[in-house]
Structure formats: C-alpha cells, structure tokens
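Source file: my_file-v3.cif. Holds: mmCIF, C-alpha atoms.
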data_coords
loop_
_atom_site.label_atom_id
_atom_site.label_comp_id
_atom_site.auth_asym_id
_atom_site.auth_seq_id
_atom_site.Cartn_x
_atom_site.Cartn_y
_atom_site.Cartn_z
CA MET A 1 -27.42 21.99 -9.29
CA LYS A 2 -24.13 20.61 -8.04
CA VAL A 3 -22.94 18.76 -4.94
CA ARG A 4 -20.00 19.69 -2.74
CA ILE A 5 -18.32 18.27 0.35
CA ASP A 6 -18.10 20.16 3.63
CA GLN A 7 -14.58 19.15 4.68
CA SER A 8 -15.23 20.19 8.28
CA LEU A 9 -17.89 17.45 8.57
CA CYS A 10 -16.76 14.78 6.10
CA ILE A 11 -15.27 11.61 7.64
CA ALA A 12 -13.71 10.51 4.32
CA CYS A 13 -15.60 7.20 4.22
CA GLY A 14 -15.76 7.36 0.42
CA LEU A 15 -19.35 6.16 0.06
CA CYS A 16 -20.20 9.16 -2.14
CA ARG A 17 -17.37 8.12 -4.46
CA GLU A 18 -18.88 4.65 -4.73
CA ALA A 19 -22.38 6.00 -5.33
CA CYS A 20 -21.64 8.71 -7.88
CA PRO A 21 -22.80 7.51 -11.33
CA GLU A 22 -20.50 10.03 -13.03
CA GLY A 23 -17.34 9.21 -11.12
CA ALA A 24 -17.16 12.87 -10.12
CA VAL A 25 -15.87 12.22 -6.60
CA HIS A 26 -12.11 11.78 -6.37
CA PRO A 27 -9.44 11.50 -3.69
CA MET A 28 -8.03 15.02 -3.36
CA MET A 29 -4.79 15.48 -5.27
CA GLN A 30 -1.68 14.78 -3.21
CA GLU A 31 -3.60 14.93 0.06
CA ILE A 32 -2.28 12.55 2.66
CA HIS A 33 -5.42 12.20 4.80
CA HIS A 34 -7.47 10.56 2.03
CA ARG A 35 -10.06 13.30 1.82
CA PHE A 36 -12.36 13.49 -1.19
CA GLU A 37 -13.47 16.26 -3.51
CA VAL A 38 -16.26 16.65 -6.04
CA ILE A 39 -14.94 17.83 -9.40
CA GLU A 40 -17.48 20.50 -10.26
CA LYS A 41 -17.35 20.10 -14.03
CA GLU A 42 -17.96 16.34 -13.70
CA CYS A 43 -20.87 16.62 -11.25
CA THR A 44 -24.33 16.63 -12.81
CA GLY A 45 -26.05 17.48 -9.52
CA CYS A 46 -28.17 14.34 -9.68
CA GLY A 47 -27.92 13.91 -5.91
CA GLU A 48 -27.61 10.12 -5.99
CA CYS A 49 -24.72 10.37 -3.53
CA LEU A 50 -26.75 12.23 -0.89
CA PRO A 51 -28.62 9.30 0.71
CA TYR A 52 -25.39 7.34 1.10
CA CYS A 53 -23.61 9.97 3.19
CA PRO A 54 -23.64 8.93 6.88
CA VAL A 55 -22.91 12.44 8.22
CA PRO A 56 -25.75 14.97 8.03
CA GLY A 57 -24.61 18.06 6.16
CA ALA A 58 -21.29 16.68 4.91
CA LEU A 59 -22.65 16.55 1.36
CA GLU A 60 -24.65 19.52 0.20
CA GLN A 61 -26.47 20.30 -3.00
CA TYR A 62 -26.21 23.87 -4.23
CA GLU A 63 -27.48 26.00 -7.07
CA THR A 64 -24.97 27.00 -9.73
CA MET B 65 25.28 1.64 0.35
CA GLN B 66 22.58 3.83 -1.19
CA PRO B 67 22.16 7.06 0.88
CA ILE B 68 18.37 6.52 0.95
CA LEU B 69 18.89 3.14 2.65
CA GLU B 70 21.51 4.52 5.02
CA ASP B 71 19.09 7.25 6.10
CA PHE B 72 16.27 4.73 6.55
CA LEU B 73 18.42 2.44 8.67
CA THR B 74 19.60 5.30 10.87
CA LYS B 75 16.19 6.83 11.41
CA TRP B 76 13.86 3.85 11.52
CA VAL B 77 15.59 0.47 11.70
CA TYR B 78 18.30 0.79 14.32
CA PRO B 79 16.59 2.92 17.01
CA VAL B 80 14.86 0.67 19.53
CA GLY B 81 12.28 1.30 22.20
CA PHE B 82 13.43 -1.57 24.37
CA ALA B 83 16.09 -4.26 24.47
CA GLY B 84 15.63 -8.01 24.41
CA ALA B 85 15.74 -11.22 22.45
CA GLY B 86 13.23 -9.89 19.92
CA VAL B 87 15.42 -6.92 19.07
CA ASP B 88 18.52 -9.12 18.77
CA PHE B 89 16.63 -11.45 16.44
CA ARG B 90 15.43 -8.52 14.32
CA MET B 91 18.93 -7.14 13.98
CA ARG B 92 20.18 -10.53 12.74
CA GLN B 93 17.41 -10.63 10.14
CA THR B 94 18.12 -7.02 9.19
CA GLU B 95 21.69 -7.92 8.21
CA ARG B 96 20.21 -10.42 5.75
CA CYS B 97 17.82 -7.82 4.36
CA ILE B 98 20.28 -4.96 3.82
CA PRO B 99 21.94 -6.17 0.58
CA VAL B 100 18.53 -6.87 -0.94
CA TRP B 101 17.12 -3.52 0.18
CA ASP B 102 20.20 -1.82 -1.30
CA ASN B 103 19.59 -3.44 -4.68
CA ILE B 104 15.92 -2.50 -4.54
CA VAL B 105 16.71 1.19 -3.95
CA ALA B 106 19.17 1.12 -6.86
CA GLY B 107 16.55 -0.54 -9.05
CA ALA B 108 13.83 1.95 -8.11
CA LEU B 109 16.10 4.89 -8.91
CA LYS B 110 17.05 3.35 -12.25
CA THR B 111 13.46 2.57 -13.20
CA ALA B 112 12.26 6.06 -12.26
CA ALA B 113 14.98 7.63 -14.40
CA ALA B 114 14.14 5.32 -17.31
CA ASP B 115 10.43 6.09 -16.99
CA LEU B 116 11.09 9.82 -17.16
CA LYS B 117 13.49 9.40 -20.06
CA SER B 118 10.89 7.48 -22.08
CA GLY B 119 9.16 10.76 -22.90
CA ARG B 120 5.78 9.01 -22.76
CA ASP B 121 3.05 8.81 -20.11
CA ASP B 122 2.10 5.14 -20.26
CA TRP B 123 4.56 4.21 -17.50
CA LYS B 124 2.30 6.04 -15.06
CA ALA B 125 -0.57 3.79 -16.09
CA ALA B 126 1.67 0.72 -15.78
CA ARG B 127 2.63 1.74 -12.24
CA ALA B 128 -0.99 2.43 -11.29
CA LEU B 129 -2.27 -0.86 -12.74
CA ALA B 130 0.40 -2.81 -10.89
CA GLY B 131 -0.37 -0.87 -7.72
CA TYR B 132 -4.04 -1.72 -8.05
CA ALA B 133 -3.11 -5.40 -8.47
CA VAL B 134 -1.37 -5.45 -5.08
CA GLU B 135 -3.52 -2.98 -3.15
CA GLY B 136 -6.89 -2.89 -4.91
CA PRO B 137 -9.99 -4.23 -3.18
CA CYS B 138 -9.52 -7.80 -4.39
CA MET B 139 -6.02 -8.21 -3.02
CA SER B 140 -6.68 -6.06 0.03
CA ILE B 141 -9.54 -8.27 1.10
CA LYS B 142 -7.59 -11.45 0.45
CA GLN B 143 -4.41 -10.47 2.17
CA MET B 144 -5.96 -8.71 5.11
CA SER B 145 -8.61 -11.30 5.84
CA THR B 146 -5.89 -13.92 5.87
CA GLN B 147 -3.93 -11.84 8.33
CA ILE B 148 -6.91 -11.29 10.58
CA LEU B 149 -7.86 -14.97 10.47
CA SER B 150 -4.34 -16.07 11.40
CA VAL B 151 -5.20 -15.27 15.02
CA THR B 152 -7.69 -17.73 16.48
CA VAL B 153 -10.44 -16.58 18.81
CA ASP B 154 -8.75 -17.99 21.91
CA GLU B 155 -5.52 -16.17 21.03
CA GLN B 156 -7.20 -12.77 20.55
CA PRO B 157 -6.24 -11.39 24.00
CA LYS B 158 -2.59 -12.33 23.45
CA TYR B 159 -2.38 -10.76 20.00
CA ILE B 160 -4.95 -7.99 20.24
CA ASP B 161 -2.51 -5.23 19.31
CA LEU B 162 -1.52 -7.18 16.18
CA GLN B 163 -5.16 -7.37 15.24
CA ARG B 164 -5.67 -3.65 15.77
CA MET B 165 -2.69 -2.88 13.54
CA ARG B 166 -4.03 -5.19 10.87
CA ALA B 167 -7.51 -3.70 11.04
CA ARG B 168 -6.02 -0.29 10.47
CA GLN B 169 -4.01 -1.63 7.55
CA ILE B 170 -7.15 -2.83 5.79
CA TRP B 171 -8.25 0.80 5.65
CA ASP B 172 -4.86 1.89 4.30
CA GLU B 173 -4.74 -0.73 1.56
CA VAL B 174 -8.22 0.08 0.31
CA LYS B 175 -7.35 3.78 0.21
CA HIS B 176 -4.17 3.01 -1.71
CA GLY B 177 -6.24 1.06 -4.21
CA GLN B 178 -8.44 4.13 -4.66
CA LEU B 179 -5.38 6.26 -5.33
CA HIS B 180 -4.07 3.87 -7.99
CA ALA B 181 -7.50 3.92 -9.62
CA ASP B 182 -7.64 7.70 -9.41
CA VAL B 183 -4.33 8.03 -11.24
CA LEU B 184 -5.82 5.97 -14.08
CA ILE B 185 -9.03 8.03 -14.07
CA ARG B 186 -7.38 11.44 -13.85
CA GLY B 187 -4.83 10.40 -16.47
CA GLY B 188 -7.63 9.41 -18.84
CA TRP B 189 -6.73 5.73 -19.09
CA VAL B 190 -10.10 4.61 -17.66
CA LYS B 191 -13.38 6.37 -17.04
CA ARG B 192 -14.50 4.33 -14.03
CA GLU B 193 -12.77 2.12 -11.49
CA GLU B 194 -15.12 -0.72 -12.44
CA GLU B 195 -13.32 -1.02 -15.78
CA LEU B 196 -10.29 -2.31 -13.88
CA MET B 197 -12.16 -5.45 -12.91
CA ASP B 198 -11.84 -6.65 -16.51
CA ASP B 199 -8.15 -5.82 -16.83
CA PRO B 200 -5.75 -8.61 -15.83
CA ARG B 201 -2.96 -6.08 -15.36
CA ALA B 202 -4.94 -4.58 -12.47
CA ASN B 203 -5.67 -7.91 -10.83
CA THR B 204 -2.71 -10.22 -11.32
CA GLN B 205 0.96 -10.35 -10.49
CA PRO B 206 3.51 -12.16 -12.61
CA LYS B 207 5.49 -13.60 -9.72
CA LEU B 208 4.76 -15.82 -6.76
CA ALA B 209 4.02 -12.89 -4.48
CA TYR B 210 3.88 -12.84 -0.75
CA PHE B 211 0.72 -10.80 -1.07
CA GLY B 212 -0.86 -13.76 -2.84
CA MET B 213 -2.90 -16.41 -1.11
CA THR B 214 -0.58 -19.20 -2.22
CA SER B 215 2.20 -17.68 -0.23
CA MET B 216 0.15 -16.77 2.77
CA PHE B 217 -1.36 -20.05 3.76
CA PRO B 218 2.00 -21.71 4.43
CA HIS B 219 2.73 -18.78 6.77
CA ILE B 220 -0.50 -18.70 8.72
CA HIS B 221 1.20 -18.43 12.13
CA PRO B 222 0.05 -15.22 13.88
CA LEU B 223 3.56 -13.82 13.98
CA ALA B 224 4.61 -14.82 10.47
CA ARG B 225 3.24 -11.65 8.96
CA ALA B 226 5.62 -9.61 11.10
CA GLY B 227 8.42 -10.73 8.80
CA GLN B 228 6.41 -9.70 5.77
CA HIS B 229 5.66 -6.31 7.29
CA TYR B 230 9.29 -5.76 8.19
CA PHE B 231 10.80 -6.74 4.85
CA ASN B 232 8.16 -5.80 2.29
CA GLU B 233 6.93 -2.59 3.87
CA ALA B 234 10.55 -1.43 4.19
CA THR B 235 10.88 -2.19 0.50
CA ALA B 236 7.82 -0.04 -0.15
CA CYS B 237 9.17 2.84 1.96
CA LEU B 238 12.54 2.73 0.25
CA SER B 239 11.12 2.42 -3.27
CA ILE B 240 8.68 5.28 -2.75
CA THR B 241 11.39 7.56 -1.37
CA ALA B 242 13.67 6.62 -4.27
CA THR B 243 10.92 7.20 -6.84
CA LEU B 244 9.88 10.57 -5.43
CA SER B 245 13.52 11.67 -5.30
CA VAL B 246 13.64 11.32 -9.09
CA VAL B 247 10.08 11.84 -10.31
CA ASP B 248 8.32 15.15 -9.68
CA ASP B 249 5.03 14.41 -11.36
CA PRO B 250 1.61 15.37 -9.96
CA LEU B 251 0.00 11.99 -10.66
CA ILE B 252 2.88 9.99 -9.21
CA ARG B 253 2.99 12.21 -6.14
CA HIS B 254 -0.79 11.78 -5.86
CA GLN B 255 -0.33 8.00 -5.99
CA LEU B 256 2.56 7.80 -3.52
CA ARG B 257 2.46 10.69 -1.06
CA SER B 258 0.10 9.23 1.52
CA GLN B 259 1.60 5.80 0.96
CA GLU B 260 5.01 7.12 1.90
CA VAL B 261 3.70 7.72 5.42
CA GLU B 262 1.45 4.68 5.68
CA GLU B 263 3.96 2.12 4.45
CA MET B 264 6.27 3.46 7.12
CA MET B 265 3.59 2.76 9.73
CA HIS B 266 3.21 -0.78 8.39
CA PHE B 267 6.98 -1.25 8.58
CA MET B 268 6.96 -0.01 12.16
CA GLU B 269 4.21 -2.52 12.95
CA GLY B 270 6.48 -5.32 11.78
CA LYS B 271 9.36 -3.90 13.74
CA TYR B 272 7.29 -3.69 16.91
CA GLN B 273 5.83 -7.15 16.46
CA ILE B 274 9.26 -8.74 16.08
CA ASP B 275 10.81 -6.77 18.94
CA ALA B 276 7.91 -7.44 21.29
CA TYR B 277 6.86 -10.98 20.41
CA ALA B 278 9.79 -12.85 18.85
CA LEU B 279 11.32 -13.67 22.21
CA THR B 280 11.92 -17.42 22.02
CA PRO B 281 13.25 -19.72 19.29
CA GLU B 282 9.73 -21.09 18.99
CA ASP B 283 8.28 -17.62 18.30
CA GLN B 284 11.17 -16.67 16.02
CA LYS B 285 10.96 -19.74 13.79
CA PRO B 286 7.85 -18.81 11.77
CA ILE B 287 9.17 -15.28 11.26
CA GLU B 288 12.59 -16.50 10.16
CA GLU B 289 10.92 -18.84 7.68
CA VAL B 290 9.21 -15.81 6.14
CA PHE B 291 12.54 -14.06 5.72
CA ASP B 292 13.91 -17.27 4.17
CA PHE B 293 11.09 -17.05 1.63
CA LEU B 294 11.17 -13.32 1.00
CA LEU B 295 14.93 -13.16 0.52
CA LYS B 296 14.89 -15.60 -2.36
CA PRO B 297 15.76 -13.76 -5.61
CA TRP B 298 12.44 -14.58 -7.26
CA ALA B 299 10.39 -13.42 -4.27
CA SER B 300 11.92 -10.09 -3.38
CA ALA B 301 11.47 -8.02 -6.55
CA PRO B 302 9.04 -5.17 -5.92
CA THR B 303 5.96 -4.43 -7.94
CA ARG B 304 6.11 -2.20 -11.04
CA ALA B 305 4.19 0.37 -8.98
CA LEU B 306 7.33 0.88 -6.94
CA GLY B 307 9.89 0.63 -9.67
CA GLY B 308 10.24 -3.14 -9.87
CA ALA B 309 9.54 -5.38 -12.81
CA GLY B 310 6.34 -6.97 -11.58
CA GLY B 311 3.03 -6.27 -13.28
CA GLY B 312 1.34 -3.40 -15.05
CA GLU B 313 2.44 -4.33 -18.54
CA PRO B 314 0.24 -5.94 -21.19
CA PRO B 315 0.01 -9.73 -20.75
CA ALA B 316 2.42 -11.60 -23.02
#

Output the file's structure in the form of structure tokens.
Amino acid sequence: MKVRIDQSLCIACGLCREACPEGAVHPMMQEIHHRFEVIEKECTGCGECLPYCPVPGALEQYET
Amino acid sequence: MQPILEDFLTKWVYPVGFAGAGVDFRMRQTERCIPVWDNIVAGALKTAAADLKSGRDDWKAARALAGYAVEGPCMSIKQMSTQILSVTVDEQPKYIDLQRMRARQIWDEVKHGQLHADVLIRGGWVKREEELMDDPRANTQPKLAYFGMTSMFPHIHPLARAGQHYFNEATACLSITATLSVVDDPLIRHQLRSQEVEEMMHFMEGKYQIDAYALTPEDQKPIEEVFDFLLKPWASAPTRALGGAGGGEPPA
C-alpha cells in the first residue's frame, strides 16, 4: 500500500506532511504554489496521514 | 549601479498608483536605501559565485539553516504575532488592510520555513525537520536582526513595519534575483523560486502602506525611525540564506 495526493482536490495545508512518521511528504520541487507530493519510495503506506486530511478524497491509499 | 537593482527600481519602486505625501516620503527614504541595496546585490552575486567555486555542497545547507532561522516556525510566529498585535482592537477598522496583508504573510513565512527544511532533508543533511529544533544554526541569528523580538518591540507602532517591509523585503527580492542569476542548482531553485514572488508581494505591501498611510509627519516618524535603524551598517546585512554573512555556519 502507498498513499498519493490528488492535486485537483488538495488545498496544500500541509497537515499530511506534519503527520507522516516517515517524512515522505515534501513540498514539490521548484513549485511556486506550495503544493505537496508523496515520495513513493519513502511512503510505507501506513495511512497515518489519512485522518488528518481535511478534504475528503485528497489523500488516497492505493495498492502497489 | 547594479543592473539587477536598476531593473528593480524601474519596474517596482518608481511606478506609483497615486500621488501624495506618502509617495514623496517613500521616495526620500528610497534615496537613502539605494546605496545599501546596491552593495547588497554586489554581495549576493559575490557570495553566490564563491559558493559555486567552493566545489562542495555544504553551502547549500548553510543557506537553508540560516533561512530556517529567519523564516522557520519559531521566528515566523514571533515576528508575525508581533506585527498582528501592533494594531490594537480599536484601530482594527483603520488598519484592516494591513492586518490582512500580515495574515497572508504568516502563511508565506511558514511555507518558506518548510522549503528551507526540505532542502536540508532532500540534500541528506537531516532526516526530519524536528532535528532542526536542536540546531542553533537553524534557530539563531548572529546579528541584532530586525526580525528579532528585541528589535521589534521598540517599533511597535502599527505603521513601523511598513519600513521593514519596504527595506528588508526589497533586500530579499534583490538577493534572490542575484543568487538565481548565478546559481542554477535544483535545491537552491527549490528554496528560492516561490520566495522570489512572495518577497516581492511583501515589498509591495510595504510600498502600499507607506504610500497610503504615511501622509503626515506624525505618521511618517515611526517609519523613518525604522529606516534609521535598518540603514545602520550592522543592521542591514542580509542573512546567509540570501548571500549575506549572517547565520548558517557552525557556532564559534
């Protein structure tokens, strides 16, 4: 399992970044609107970030 | 004059939306700022070239640590809460647009702190942002900084921060442009690209606040006092994050 961000829904609040125990959520490289990305190889799929996300569907868990 | 400064003055400093005593006052203060801004651009270009020439990577960490010290959560909360609190409840209607600008800036500063931390994480210098809480380089500045509380409380007047926005955020704009004109590095661009736009917005806030509010000698006095402070040689040097000498290095 992994987690990814649906950029069409995400409001870039950064709570998932704060919650992630692996530090797998990063500001996107050289992106001026402060959007975030989950680095797939760093994500363990634990899902601890999911309850913190205020926008339904913006974070989704998926099978690898 | 450095071409980067000349371009900045032409595009952003001299154009005005309206005329008046505030604009005249700002132009007088600008003449005081120009020689200092010129030196800062020259210094940022020189530092960027020296960093590249070093052949090492640790200068990126030094810049990010110093950036975190001025824009990380600790300093963001301190500086922005002081700004917000400088307007009393009964003055809120008069200064509501200042407060809105400052509220927006809180968001910017926190995001900048995240970018500085991300440079350190992606570069492998730290694993987690929390590690920075134990690192004095990420939490202290070697000079008496206007971003520090000691320098803010004497300037608690609601309009005083306009001078800080005008001078220091211009310094940030100029230093970032100078740095990016020399350094084409993914981590440095990651650290500075959004800031390039947002520091410009902060500068424009200061410009608007002076033009719109500094209309009488009484209103101009607290702003002029800030320029008096910021233009002292020991107060104007930018942070290491922007090519200055301040911060980011191991404590002596």

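Within 6 Å of chain B, and using all atoms listed in the file, the residues found on chain A are Met29, Gln30 and Ile32 of chain A.
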
Next item on the list: List the residues selected by the PyMOL selection byres ((chain B and resi 173) around 12) in the file shown, writing them as an MDAnalysis selection string.
Entry: (chainID A and resid 34) or (chainID B and resid 131:144 166:172 174:180 211 258:259 262:263 266)

Checklist line | Residue with smallest distance to Met1 of chain A - pool A:Glu18, A:Glu42, A:Glu31, A:Glu63, counting all atoms listed in the file | finding: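 With all atoms listed in the file as the atom set, the closest residue is A:Glu63.
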
Next item on the list: Might you spell out which residues the PyMOL selection byres ((chain A and resi 41) around 12) would select in the displayed file, as a list in words?
Entry: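 When the PyMOL selection byres ((chain A and resi 41) around 12) is applied to the shown file, the picked residues are Met1, Lys2, Val3, Arg4, Glu22, Gly23, Ala24, Val25, Glu37, Val38, Ile39, Glu40, Glu42, Cys43, Thr44, Gly45 and Thr64 of chain A.
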
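The closest residue to Ala125 of chain B, picked from B:Val246, B:Ala236, B:Ala276, B:Val190 and counting all atoms listed in the file, is B:Val190.
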
Check: Of the residues B:Glu195, B:Glu233, B:Asp161, B:Asp249, which is the one nearest to Thr303 of chain B, using only C-alpha atoms?
Finding: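 Comparing B:Glu195, B:Glu233, B:Asp161, B:Asp249 against Thr303 of chain B, the winner is B:Glu233.
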
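Interatomic distance, atom CA of Pro286 of chain B to atom CA of Ala224 of chain B: 5.3 Å.
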
Notebook entry, point to check: So how far away is atom CA of Val100 of chain B from atom CA of Met65 of chain B, in Å?
Noted result: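 Value for the atom CA of Met65 of chain B-atom CA of Val100 of chain B distance: 10.9 Å.
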
Check: Mind telling me what the PyMOL selection byres ((chain B and resi 291) around 8) catches here, as a VMD selection string?
Finding: chain B and resid 93 227 to 228 231 287 to 290 292 to 295

Please save C-alpha atoms of the selected residues as a JSON list (two decimals), in the frame of the given file.
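The new file part37.json reads:
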[["chain", "number", "residue", "atom", "x", "y", "z"],
["B", 93, "GLN", "CA", 17.41, -10.63, 10.14],
["B", 227, "GLY", "CA", 8.42, -10.73, 8.80],
["B", 228, "GLN", "CA", 6.41, -9.70, 5.77],
["B", 231, "PHE", "CA", 10.80, -6.74, 4.85],
["B", 287, "ILE", "CA", 9.17, -15.28, 11.26],
["B", 288, "GLU", "CA", 12.59, -16.50, 10.16],
["B", 289, "GLU", "CA", 10.92, -18.84, 7.68],
["B", 290, "VAL", "CA", 9.21, -15.81, 6.14],
["B", 292, "ASP", "CA", 13.91, -17.27, 4.17],
["B", 293, "PHE", "CA", 11.09, -17.05, 1.63],
["B", 294, "LEU", "CA", 11.17, -13.32, 1.00],
["B", 295, "LEU", "CA", 14.93, -13.16, 0.52]]

Next item on the list: Pick out the closest residue to Leu50 of chain A from this set: A:Leu9, A:His33, A:Met28, A:Arg17. Count all atoms listed in the file.
Entry: A:Arg17

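As for atom CA of Leu196 of chain B and atom CA of Ala126 of chain B, they are spaced 12.5 Å apart.
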
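For the set B:Ala128, B:Ile160, B:Met91, B:Leu149, the residue with the smallest atom-to-atom gap to Asp275 of chain B is B:Met91, counting only C-alpha atoms.
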
Next item on the list: Using all atoms listed in the file, determine which residues lie at most 12 Å from Asp6 of chain A, disregarding the query and same-chain residues fewer than 5 positions distant; provide the list as an MDAnalysis selection string.
Entry: chainID A and resid 11:12 35:38 53 55:62

Please determine an axis-aligned box that encloses all atoms of segment 272-278 of chain B listed in the file, with 4 Å added on each side, and express its centre and edge lengths in Å to one decimal as lines of an AutoDock Vina configuration file.
center_x = 8.3
center_y = -8.3
center_z = 18.7
size_x = 13.0
size_y = 17.2
size_z = 13.2

Item checked: Which residue of B:Gly86, B:Gly81, B:Pro281, B:Gly107 approaches Thr235 of chain B most closely, using all atoms listed in the file ->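 Under the stated criterion, the closest residue is B:Gly107.
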